[in-house]
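**Student:** Shown below is the structure under consideration.
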Amino acid sequence: MASYVRYIDRTRDYYLSKGYDKPYKWAHFEDVPFTPLKKPLAESKVVLISTSEIEVRGAEQPEGDDKSNVGGMYSIPSNVSKEQLYSPSHSYDRVATTLEDVDAFYPTSALHAAVKSGRIGGLAARFHGVYNAYSQRRTRERDAMEVLNRCREDGVDVAVLVPV
Amino acid sequence: MCHQTVSLVARVLEENGISTVVMCTARDIVEMCGVTRMVHTDFPLGSPCGEPHNPAQQREVLEIAFKLLETAFVPRTMVQSPFKWSKGEAWKDLVFTPEQPYQTPEVEKRWLEKKEFYRKLKAEGKV
């Protein structure tokens, strides 16, 4: 069985082969914070946070800016069914897989099922989307802080985060 | 870059009292950044929560994330989900290689335009 793909090495070689000679400097931290669960999951309010550019069909474009990679964040109601959602993202392996089934990268149906079965206490009223930014500092200091504010407003205990 | 963005957001939430779990495919990028809890599923970019149209498997991957939330007692705890991509592993040799360009020429053109626009904003002190 082949081991997992080392994307840092693979993308560096890929972009070098295309003539980009300045390798991307990935974020790296020695210290990692830790917040234990404060209460059982069956009593916890859970939020979903995604970078999949997920949108609601027929709704206005979410606020935020994905046109220039300066980042931004937006929220959509958590009670939207998967059939109403889609992702226009191109940041996935378009040959190996597909974004047709949003549950494969945005586990909304599984989260709703978990509420129904009592596995988790409930879902936040809003789920959040975050756009990628070239500036890691902007993601940390602006977009992540706004996600935090909205999570606090919604009484969130636990966050499930999913890249596309 | 998606993996780095969610990792950075997870760290901020965790620093501020919200427990987090990241469900990912690009394990090395998340490990490099450093997050509290990670479920790695060894699938192509775009399917971190299970294979498309396999709801039973998607529920199982989420359950692994829930169990990790309940059991992790130190940061940087990683769980590898047991699932194998049903169409084999050839995709691993092809992703991000000259033989299989990651984006279509049209999407790559738009990506370069965004990059250029960002450079311009930066030069003007707007970002």
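Identifiers in the structure tokens: chain A, B, ... in order shown; residue index from 1 per chain; ligand index from 1 in order shown.
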May I have the residues within 12 Å of B:Arg11 as an MDAnalysis selection string, using only C-alpha atoms and disregarding those fewer than 6 positions away in the same chain?

**Tutor:** (chainID A and resid 27:35 139:141 144:145 147:148 159 161) or (chainID B and resid 4:5 17:22 30 33:38 75:76)

**Student:** For the selection just defined, write its residues with N, CA and C atoms to a file, as a compact mmCIF listing (two decimals), in the first residue's frame.

**Tutor:**
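Output file part_7.txt follows:
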# COMPACT_ATOMS: atom_id res chain seq x y z
N ALA A 27 2.75 27.53 7.07
CA ALA A 27 2.65 27.90 8.48
C ALA A 27 3.17 26.76 9.35
N HIS A 28 3.91 27.13 10.38
CA HIS A 28 4.45 26.12 11.29
C HIS A 28 4.53 26.68 12.70
N PHE A 29 3.97 25.93 13.64
CA PHE A 29 4.01 26.34 15.05
C PHE A 29 4.48 25.17 15.90
N GLU A 30 5.33 25.47 16.85
CA GLU A 30 5.78 24.42 17.79
C GLU A 30 4.69 24.11 18.81
N ASP A 31 4.10 25.17 19.36
CA ASP A 31 3.10 24.98 20.41
C ASP A 31 1.71 24.80 19.82
N VAL A 32 0.98 23.90 20.40
CA VAL A 32 -0.40 23.66 19.96
C VAL A 32 -1.32 23.76 21.17
N PRO A 33 -2.38 24.59 21.07
CA PRO A 33 -3.29 24.74 22.22
C PRO A 33 -4.15 23.50 22.43
N PHE A 34 -4.74 23.40 23.60
CA PHE A 34 -5.61 22.25 23.88
C PHE A 34 -6.76 22.67 24.78
N THR A 35 -7.98 22.48 24.29
CA THR A 35 -9.18 22.72 25.09
C THR A 35 -9.95 21.41 25.21
N THR A 139 -5.48 35.59 8.02
CA THR A 139 -6.37 34.48 8.40
C THR A 139 -6.44 34.38 9.92
N ARG A 140 -5.30 34.45 10.57
CA ARG A 140 -5.27 34.28 12.04
C ARG A 140 -5.92 35.45 12.76
N GLU A 141 -5.56 36.67 12.33
CA GLU A 141 -5.95 37.84 13.12
C GLU A 141 -7.29 38.45 12.72
N ALA A 144 -10.16 34.32 11.36
CA ALA A 144 -10.37 33.36 12.46
C ALA A 144 -11.02 34.05 13.65
N MET A 145 -10.66 35.30 13.89
CA MET A 145 -11.26 36.02 15.02
C MET A 145 -12.75 36.28 14.77
N VAL A 147 -14.67 34.33 12.93
CA VAL A 147 -15.29 33.00 13.14
C VAL A 147 -15.50 32.79 14.64
N LEU A 148 -14.49 33.11 15.42
CA LEU A 148 -14.59 32.95 16.88
C LEU A 148 -15.74 33.79 17.44
N ALA A 159 -16.05 22.63 17.41
CA ALA A 159 -15.98 22.96 15.98
C ALA A 159 -15.40 21.80 15.19
N LEU A 161 -13.81 21.14 11.60
CA LEU A 161 -13.24 21.94 10.52
C LEU A 161 -12.83 21.04 9.37
N GLN B 4 -4.19 24.56 5.32
CA GLN B 4 -3.53 25.51 6.21
C GLN B 4 -4.54 26.49 6.81
N THR B 5 -5.49 26.94 6.00
CA THR B 5 -6.48 27.90 6.49
C THR B 5 -7.30 27.29 7.64
N GLY B 17 -10.95 28.47 23.88
CA GLY B 17 -11.91 27.67 24.65
C GLY B 17 -12.91 26.86 23.87
N ILE B 18 -12.73 26.74 22.55
CA ILE B 18 -13.63 25.88 21.77
C ILE B 18 -12.84 24.64 21.31
N SER B 19 -13.36 23.47 21.62
CA SER B 19 -12.69 22.22 21.22
C SER B 19 -12.86 22.01 19.73
N THR B 20 -11.80 21.54 19.07
CA THR B 20 -11.84 21.43 17.60
C THR B 20 -11.36 20.06 17.14
N VAL B 21 -11.84 19.69 15.96
CA VAL B 21 -11.26 18.55 15.25
C VAL B 21 -11.22 18.90 13.77
N VAL B 22 -10.07 18.60 13.13
CA VAL B 22 -9.89 18.84 11.70
C VAL B 22 -9.99 17.50 10.98
N VAL B 30 -1.39 19.88 7.64
CA VAL B 30 -2.02 20.10 8.95
C VAL B 30 -1.01 19.83 10.07
N CYS B 33 1.43 22.74 10.39
CA CYS B 33 0.86 23.90 11.08
C CYS B 33 0.71 23.59 12.57
N GLY B 34 0.21 22.40 12.88
CA GLY B 34 0.03 21.99 14.27
C GLY B 34 -1.38 22.26 14.76
N VAL B 35 -2.19 21.20 14.86
CA VAL B 35 -3.54 21.34 15.39
C VAL B 35 -3.75 20.37 16.56
N THR B 36 -4.82 20.57 17.28
CA THR B 36 -5.07 19.79 18.48
C THR B 36 -5.49 18.36 18.14
N ARG B 37 -6.46 18.23 17.24
CA ARG B 37 -6.97 16.89 16.88
C ARG B 37 -7.19 16.83 15.37
N MET B 38 -6.77 15.72 14.79
CA MET B 38 -6.89 15.57 13.34
C MET B 38 -7.34 14.15 12.99
N PRO B 75 -2.51 17.71 22.89
CA PRO B 75 -2.60 18.26 21.52
C PRO B 75 -1.79 17.44 20.53
N ARG B 76 -2.03 17.69 19.24
CA ARG B 76 -1.38 16.96 18.12
C ARG B 76 -1.78 15.49 18.11

**Student:** Which one is closest to A:Phe127: A:Asp21, A:Glu83, A:Glu55, A:Asp13? Count only C-alpha atoms.

**Tutor:**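 Closest residue, counting only C-alpha atoms: A:Glu55.
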
**Student:** Just checking: using only C-alpha atoms, which residue out of A:Val162, A:Val80, A:Ala133, A:Leu41 ends up closest to A:Pro107?

**Tutor:**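 Closest to A:Pro107 of all the choices is A:Val162.
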
**Student:** From stretch 6-117 of chain A, collect each residue whose DSSP state is alpha helix (DSSP H) and return the set as a PyMOL selection string.

**Tutor:** chain A and resi 7-17+108-116

**Student:** Select from chain A everything DSSP, run on the backbone, classes as strand (DSSP E), then give the selection as a list in words.

**Tutor:**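 Restricting chain A to strand (DSSP E) produces Lys45, Val46, Val47, Leu48, Ile49, Ser50, Glu55, Val56, Met73, Tyr74, Ser75, Ile76, Pro77, Leu85, Tyr86, Gly122, Leu123, Arg126, Phe127, His128, Gly129, Val130, Val158, Ala159, Val160, Leu161 and Val162 of chain A.
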
**Student:** Using only C-alpha atoms, what table do you get, as a tab-separated table, when you list each residue of stretch 20-69 of chain A with an atom no more than 8 Å from stretch 111-121 of chain A, its nearest pair of atoms, and their distance in Å rounded to one decimal, rows by chain then rising number?

**Tutor:**
residue	atom	partner	partner_atom	distance
A:Leu41	CA	A:Ile120	CA	4.9
A:Ala42	CA	A:Ile120	CA	4.0
A:Glu43	CA	A:Gly121	CA	4.1
A:Ser44	CA	A:Gly121	CA	4.7
A:Lys45	CA	A:Gly121	CA	5.6
A:Val46	CA	A:Ile120	CA	7.4

**Student:** Take the residues that were just selected and, keeping C-alpha atoms, output them as a PDB file, in the first residue's frame.

**Tutor:**
ATOM      1  CA  LEU A  41     -20.959  15.629  23.090  1.00  0.00           C
ATOM      2  CA  ALA A  42     -24.618  14.748  23.621  1.00  0.00           C
ATOM      3  CA  GLU A  43     -24.954  18.122  25.344  1.00  0.00           C
ATOM      4  CA  SER A  44     -22.578  20.084  23.096  1.00  0.00           C
ATOM      5  CA  LYS A  45     -23.423  22.546  20.349  1.00  0.00           C
ATOM      6  CA  VAL A  46     -21.383  21.829  17.218  1.00  0.00           C
TER       7      VAL A  46
END

**Student:** Would you kindly return, as a PDB file with C-alpha atoms, in the first residue's frame, each protein, DNA or RNA residue with an atom no farther than 10 Å from any atom of A:Tyr131, considering only C-alpha atoms and excluding same-chain residues fewer than 5 positions away?

**Tutor:**
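The resulting file, out.pdb, is shown below:
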ATOM      1  CA  SER A  50     -15.164  24.853   5.788  1.00  0.00           C
ATOM      2  CA  THR A  51     -12.909  26.282   3.101  1.00  0.00           C
ATOM      3  CA  SER A  52     -14.917  24.680   0.309  1.00  0.00           C
ATOM      4  CA  GLU A  53     -16.499  27.995  -0.815  1.00  0.00           C
ATOM      5  CA  GLY A  64     -16.293  38.023   1.455  1.00  0.00           C
ATOM      6  CA  ASP A  65     -13.644  38.169  -1.185  1.00  0.00           C
ATOM      7  CA  ASP A  66     -12.309  35.194  -3.039  1.00  0.00           C
ATOM      8  CA  LYS A  67     -11.282  37.252  -6.049  1.00  0.00           C
ATOM      9  CA  ASN A  69      -6.837  35.783  -2.181  1.00  0.00           C
ATOM     10  CA  VAL A  70      -7.102  38.384   0.569  1.00  0.00           C
ATOM     11  CA  GLY A  71      -9.298  36.039   2.603  1.00  0.00           C
ATOM     12  CA  GLY A  72     -12.645  36.798   4.185  1.00  0.00           C
ATOM     13  CA  MET A  73     -15.337  34.733   5.875  1.00  0.00           C
ATOM     14  CA  TYR A  74     -19.111  34.280   5.621  1.00  0.00           C
ATOM     15  CA  THR A 139      -6.368  34.476   8.404  1.00  0.00           C
ATOM     16  CA  ASP A 143     -10.946  35.854   9.625  1.00  0.00           C
TER      17      ASP A 143
ATOM     18  CA  MET B   1      -3.859  26.106   1.107  1.00  0.00           C
ATOM     19  CA  CYS B   2      -7.326  25.075   2.355  1.00  0.00           C
ATOM     20  CA  THR B   5      -6.483  27.904   6.494  1.00  0.00           C
ATOM     21  CA  VAL B   6      -8.629  25.487   8.526  1.00  0.00           C
TER      22      VAL B   6
END

**Student:** Using only C-alpha atoms, determine which residues lie at most 7 Å from A:Ile8, disregarding the query and same-chain residues fewer than 4 positions distant; provide the list as JSON, numbers by chain.

**Tutor:** {"A": [12], "B": [28, 29]}

**Student:** Hey, can you spit out that residue selection with C-alpha atoms as a PDB file, in the first residue's frame?

**Tutor:**
ATOM      1  CA  ARG A  12       7.058  22.397  -4.213  1.00  0.00           C
TER       2      ARG A  12
ATOM      3  CA  ASP B  28       1.454  16.802   6.221  1.00  0.00           C
ATOM      4  CA  ILE B  29       0.164  20.376   5.829  1.00  0.00           C
TER       5      ILE B  29
END
